[in-house]
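Containing PDB, N, CA and C atoms, pLDDT in the B column: start.pdb.
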```pdb
MODEL        1
ATOM      1  N   MET S   1       7.099  -5.604   4.256  1.00 79.00           N
ATOM      2  CA  MET S   1       6.004  -6.482   3.911  1.00 79.00           C
ATOM      3  C   MET S   1       5.512  -7.254   5.143  1.00 79.00           C
ATOM      4  N   PHE S   2       6.455  -7.818   5.895  1.00 82.00           N
ATOM      5  CA  PHE S   2       6.053  -8.601   7.062  1.00 82.00           C
ATOM      6  C   PHE S   2       5.443  -7.719   8.145  1.00 82.00           C
ATOM      7  N   LYS S   3       5.895  -6.467   8.210  1.00 85.00           N
ATOM      8  CA  LYS S   3       5.334  -5.543   9.182  1.00 85.00           C
ATOM      9  C   LYS S   3       3.863  -5.287   8.857  1.00 85.00           C
ATOM     10  N   THR S   4       3.569  -5.109   7.578  1.00 88.00           N
ATOM     11  CA  THR S   4       2.186  -4.874   7.154  1.00 88.00           C
ATOM     12  C   THR S   4       1.320  -6.095   7.438  1.00 88.00           C
ATOM     13  N   LEU S   5       1.839  -7.276   7.146  1.00 91.00           N
ATOM     14  CA  LEU S   5       1.084  -8.506   7.421  1.00 91.00           C
ATOM     15  C   LEU S   5       0.835  -8.664   8.917  1.00 91.00           C
ATOM     16  N   GLY S   6       1.812  -8.296   9.718  1.00 91.00           N
ATOM     17  CA  GLY S   6       1.641  -8.357  11.166  1.00 91.00           C
ATOM     18  C   GLY S   6       0.552  -7.408  11.638  1.00 91.00           C
ATOM     19  N   ARG S   7       0.517  -6.219  11.048  1.00 91.00           N
ATOM     20  CA  ARG S   7      -0.519  -5.247  11.416  1.00 91.00           C
ATOM     21  C   ARG S   7      -1.902  -5.748  11.011  1.00 91.00           C
ATOM     22  N   ILE S   8      -1.993  -6.335   9.832  1.00 92.00           N
ATOM     23  CA  ILE S   8      -3.274  -6.881   9.371  1.00 92.00           C
ATOM     24  C   ILE S   8      -3.736  -8.002  10.296  1.00 92.00           C
ATOM     25  N   ALA S   9      -2.821  -8.884  10.647  1.00 92.00           N
ATOM     26  CA  ALA S   9      -3.161  -9.998  11.539  1.00 92.00           C
ATOM     27  C   ALA S   9      -3.624  -9.467  12.896  1.00 92.00           C
ATOM     28  N   ALA S  10      -2.937  -8.462  13.413  1.00 93.00           N
ATOM     29  CA  ALA S  10      -3.325  -7.885  14.708  1.00 93.00           C
ATOM     30  C   ALA S  10      -4.703  -7.232  14.615  1.00 93.00           C
ATOM     31  N   ALA S  11      -4.972  -6.551  13.512  1.00 92.00           N
ATOM     32  CA  ALA S  11      -6.279  -5.909  13.327  1.00 92.00           C
ATOM     33  C   ALA S  11      -7.393  -6.953  13.262  1.00 92.00           C
ATOM     34  N   LEU S  12      -7.146  -8.043  12.569  1.00 93.00           N
ATOM     35  CA  LEU S  12      -8.145  -9.108  12.480  1.00 93.00           C
ATOM     36  C   LEU S  12      -8.382  -9.759  13.837  1.00 93.00           C
ATOM     37  N   LYS S  13      -7.327  -9.916  14.610  1.00 94.00           N
ATOM     38  CA  LYS S  13      -7.454 -10.498  15.945  1.00 94.00           C
ATOM     39  C   LYS S  13      -8.283  -9.579  16.850  1.00 94.00           C
ATOM     40  N   ARG S  14      -7.994  -8.270  16.806  1.00 93.00           N
ATOM     41  CA  ARG S  14      -8.771  -7.309  17.601  1.00 93.00           C
ATOM     42  C   ARG S  14     -10.232  -7.304  17.176  1.00 93.00           C
ATOM     43  N   ALA S  15     -10.463  -7.376  15.869  1.00 91.00           N
ATOM     44  CA  ALA S  15     -11.836  -7.378  15.362  1.00 91.00           C
ATOM     45  C   ALA S  15     -12.581  -8.616  15.843  1.00 91.00           C
ATOM     46  N   GLY S  16     -11.912  -9.756  15.864  1.00 93.00           N
ATOM     47  CA  GLY S  16     -12.544 -10.990  16.345  1.00 93.00           C
ATOM     48  C   GLY S  16     -12.911 -10.903  17.811  1.00 93.00           C
ATOM     49  N   LYS S  17     -12.000 -10.358  18.617  1.00 94.00           N
ATOM     50  CA  LYS S  17     -12.282 -10.210  20.050  1.00 94.00           C
ATOM     51  C   LYS S  17     -13.422  -9.228  20.271  1.00 94.00           C
ATOM     52  N   ARG S  18     -13.424  -8.132  19.499  1.00 92.00           N
ATOM     53  CA  ARG S  18     -14.490  -7.135  19.621  1.00 92.00           C
ATOM     54  C   ARG S  18     -15.844  -7.741  19.264  1.00 92.00           C
ATOM     55  N   LYS S  19     -15.863  -8.525  18.187  1.00 91.00           N
ATOM     56  CA  LYS S  19     -17.114  -9.153  17.761  1.00 91.00           C
ATOM     57  C   LYS S  19     -17.614 -10.138  18.813  1.00 91.00           C
ATOM     58  N   GLU S  20     -16.698 -10.890  19.405  1.00 94.00           N
ATOM     59  CA  GLU S  20     -17.060 -11.853  20.447  1.00 94.00           C
ATOM     60  C   GLU S  20     -17.648 -11.139  21.669  1.00 94.00           C
ATOM     61  N   THR S  21     -17.029 -10.025  22.059  1.00 92.00           N
ATOM     62  CA  THR S  21     -17.527  -9.253  23.197  1.00 92.00           C
ATOM     63  C   THR S  21     -18.902  -8.673  22.903  1.00 92.00           C
ATOM     64  N   MET S  22     -19.069  -8.122  21.701  1.00 90.00           N
ATOM     65  CA  MET S  22     -20.353  -7.536  21.332  1.00 90.00           C
ATOM     66  C   MET S  22     -21.444  -8.599  21.287  1.00 90.00           C
ATOM     67  N   ARG S  23     -21.109  -9.789  20.812  1.00 92.00           N
ATOM     68  CA  ARG S  23     -22.080 -10.877  20.767  1.00 92.00           C
ATOM     69  C   ARG S  23     -22.504 -11.273  22.180  1.00 92.00           C
ATOM     70  N   ALA S  24     -21.543 -11.311  23.097  1.00 93.00           N
ATOM     71  CA  ALA S  24     -21.864 -11.651  24.488  1.00 93.00           C
ATOM     72  C   ALA S  24     -22.768 -10.596  25.111  1.00 93.00           C
ATOM     73  N   LEU S  25     -22.470  -9.326  24.862  1.00 92.00           N
ATOM     74  CA  LEU S  25     -23.299  -8.255  25.409  1.00 92.00           C
ATOM     75  C   LEU S  25     -24.685  -8.250  24.781  1.00 92.00           C
ATOM     76  N   ASP S  26     -24.776  -8.548  23.499  1.00 91.00           N
ATOM     77  CA  ASP S  26     -26.077  -8.607  22.829  1.00 91.00           C
ATOM     78  C   ASP S  26     -26.949  -9.741  23.365  1.00 91.00           C
ATOM     79  N   ASN S  27     -26.312 -10.789  23.902  1.00 92.00           N
ATOM     80  CA  ASN S  27     -27.061 -11.943  24.404  1.00 92.00           C
ATOM     81  C   ASN S  27     -27.506 -11.788  25.858  1.00 92.00           C
ATOM     82  N   LEU S  28     -27.108 -10.691  26.495  1.00 93.00           N
ATOM     83  CA  LEU S  28     -27.561 -10.446  27.866  1.00 93.00           C
ATOM     84  C   LEU S  28     -29.045 -10.112  27.862  1.00 93.00           C
ATOM     85  N   PRO S  29     -29.727 -10.359  28.974  1.00 94.00           N
ATOM     86  CA  PRO S  29     -31.140  -9.982  29.067  1.00 94.00           C
ATOM     87  C   PRO S  29     -31.299  -8.467  28.893  1.00 94.00           C
ATOM     88  N   PRO S  30     -32.430  -8.030  28.330  1.00 91.00           N
ATOM     89  CA  PRO S  30     -32.645  -6.587  28.099  1.00 91.00           C
ATOM     90  C   PRO S  30     -32.499  -5.732  29.358  1.00 91.00           C
ATOM     91  N   GLU S  31     -32.902  -6.260  30.500  1.00 93.00           N
ATOM     92  CA  GLU S  31     -32.791  -5.500  31.747  1.00 93.00           C
ATOM     93  C   GLU S  31     -31.326  -5.217  32.087  1.00 93.00           C
ATOM     94  N   THR S  32     -30.494  -6.236  31.911  1.00 93.00           N
ATOM     95  CA  THR S  32     -29.071  -6.092  32.195  1.00 93.00           C
ATOM     96  C   THR S  32     -28.425  -5.129  31.207  1.00 93.00           C
ATOM     97  N   GLN S  33     -28.799  -5.239  29.932  1.00 92.00           N
ATOM     98  CA  GLN S  33     -28.268  -4.318  28.929  1.00 92.00           C
ATOM     99  C   GLN S  33     -28.603  -2.878  29.298  1.00 92.00           C
ATOM    100  N   LYS S  34     -29.818  -2.653  29.752  1.00 91.00           N
ATOM    101  CA  LYS S  34     -30.242  -1.310  30.140  1.00 91.00           C
ATOM    102  C   LYS S  34     -29.440  -0.830  31.348  1.00 91.00           C
ATOM    103  N   ASP S  35     -29.221  -1.713  32.325  1.00 93.00           N
ATOM    104  CA  ASP S  35     -28.484  -1.347  33.537  1.00 93.00           C
ATOM    105  C   ASP S  35     -27.048  -0.908  33.222  1.00 93.00           C
ATOM    106  N   ILE S  36     -26.412  -1.557  32.269  1.00 91.00           N
ATOM    107  CA  ILE S  36     -25.022  -1.219  31.948  1.00 91.00           C
ATOM    108  C   ILE S  36     -24.916  -0.188  30.830  1.00 91.00           C
ATOM    109  N   GLY S  37     -26.055   0.227  30.269  1.00 90.00           N
ATOM    110  CA  GLY S  37     -26.046   1.245  29.223  1.00 90.00           C
ATOM    111  C   GLY S  37     -25.682   0.719  27.855  1.00 90.00           C
ATOM    112  N   TRP S  38     -25.939  -0.545  27.608  1.00 87.00           N
ATOM    113  CA  TRP S  38     -25.609  -1.153  26.327  1.00 87.00           C
ATOM    114  C   TRP S  38     -26.780  -0.983  25.367  1.00 87.00           C
ATOM    115  N   SER S  39     -26.480  -0.468  24.175  1.00 78.00           N
ATOM    116  CA  SER S  39     -27.510  -0.351  23.154  1.00 78.00           C
ATOM    117  C   SER S  39     -27.204  -1.345  22.038  1.00 78.00           C
ATOM    118  N   LYS S  40     -28.006  -1.355  21.019  1.00 69.00           N
ATOM    119  CA  LYS S  40     -27.792  -2.289  19.908  1.00 69.00           C
ATOM    120  C   LYS S  40     -26.412  -2.083  19.307  1.00 69.00           C
ATOM    121  N   SER S  41     -25.842  -3.163  18.802  1.00 57.00           N
ATOM    122  CA  SER S  41     -24.500  -3.130  18.228  1.00 57.00           C
ATOM    123  C   SER S  41     -24.464  -2.338  16.927  1.00 57.00           C
ATOM    124  N   PRO S  42     -23.395  -1.576  16.725  1.00 58.00           N
ATOM    125  CA  PRO S  42     -23.210  -0.957  15.412  1.00 58.00           C
ATOM    126  C   PRO S  42     -22.880  -2.049  14.399  1.00 58.00           C
ATOM    127  N   SER S  43     -22.886  -1.723  13.152  1.00 57.00           N
ATOM    128  CA  SER S  43     -22.608  -2.748  12.137  1.00 57.00           C
ATOM    129  C   SER S  43     -21.213  -3.323  12.354  1.00 57.00           C
ATOM    130  N   ASP S  44     -21.095  -4.596  12.084  1.00 54.00           N
ATOM    131  CA  ASP S  44     -19.794  -5.260  12.230  1.00 54.00           C
ATOM    132  C   ASP S  44     -18.907  -4.839  11.070  1.00 54.00           C
ATOM    133  N   GLU S  45     -17.751  -4.319  11.415  1.00 60.00           N
ATOM    134  CA  GLU S  45     -16.804  -3.945  10.384  1.00 60.00           C
ATOM    135  C   GLU S  45     -15.400  -4.214  10.888  1.00 60.00           C
ATOM    136  N   ILE S  46     -14.542  -4.567   9.975  1.00 61.00           N
ATOM    137  CA  ILE S  46     -13.153  -4.817  10.300  1.00 61.00           C
ATOM    138  C   ILE S  46     -12.361  -3.621   9.794  1.00 61.00           C
ATOM    139  N   ARG S  47     -11.622  -2.981  10.686  1.00 66.00           N
ATOM    140  CA  ARG S  47     -10.818  -1.826  10.315  1.00 66.00           C
ATOM    141  C   ARG S  47      -9.378  -2.270  10.155  1.00 66.00           C
ATOM    142  N   LEU S  48      -8.885  -2.186   8.946  1.00 64.00           N
ATOM    143  CA  LEU S  48      -7.499  -2.559   8.683  1.00 64.00           C
ATOM    144  C   LEU S  48      -6.588  -1.352   8.878  1.00 64.00           C
ATOM    145  N   PRO S  49      -5.334  -1.587   9.218  1.00 63.00           N
ATOM    146  CA  PRO S  49      -4.430  -0.481   9.571  1.00 63.00           C
ATOM    147  C   PRO S  49      -3.856   0.278   8.380  1.00 63.00           C
ATOM    148  N   PHE S  50      -4.515   0.280   7.255  1.00 61.00           N
ATOM    149  CA  PHE S  50      -4.003   1.049   6.109  1.00 61.00           C
ATOM    150  C   PHE S  50      -5.122   1.645   5.321  1.00 61.00           C
TER
ENDMDL
END
```
Please lay out the structure from this file as structure tokens.
Amino acid sequence: MFKTLGRIAAALKRAGKRKETMRALDNLPPETQKDIGWSKSPSDEIRLPF
């Protein structure tokens, strides 16, 4: 049980970091986004480990 809860917590933490990174990249100027090859973000989804 605790192993599963640990996996869920880790997945939520990764999802939060991913969302934060995507938000930062989305807030860059369009020219910079084009230079680094960043396109619009895919839908935000949290992937749980089960």
Quick check, in Å to one decimal: how far apart do atom N of Ala15 of chain S and atom N of Gln33 of chain S lie? 23.2 Å
Separation of atom C of Pro29 of chain S from atom CA of Lys17 of chain S, in Å and rounded to one decimal: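 Interatomic distance, atom C of Pro29 of chain S to atom CA of Lys17 of chain S: 21.0 Å.
Of the residues under consideration (S:Asp26, S:Glu20, S:Arg14, S:Thr4), S:Asp26 shows the shortest atom-to-atom contact distance to Ser39 of chain S when counting all atoms listed in the file.
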Using Å and a single decimal, report how far atom N of Arg7 of chain S sits from atom C of Met22 of chain S. 24.3 Å
Using the file's own x, y and z axes, what box holds all listed atoms of segment 21-37 of chain S with 5 Å on each side, keeping edges along x, y and z, and what are its centre and edge lengths in Å to one decimal, as lines of an AutoDock Vina configuration file?
```
center_x = -25.0
center_y = -5.3
center_z = 27.2
size_x = 25.9
size_y = 23.2
size_z = 22.8
```
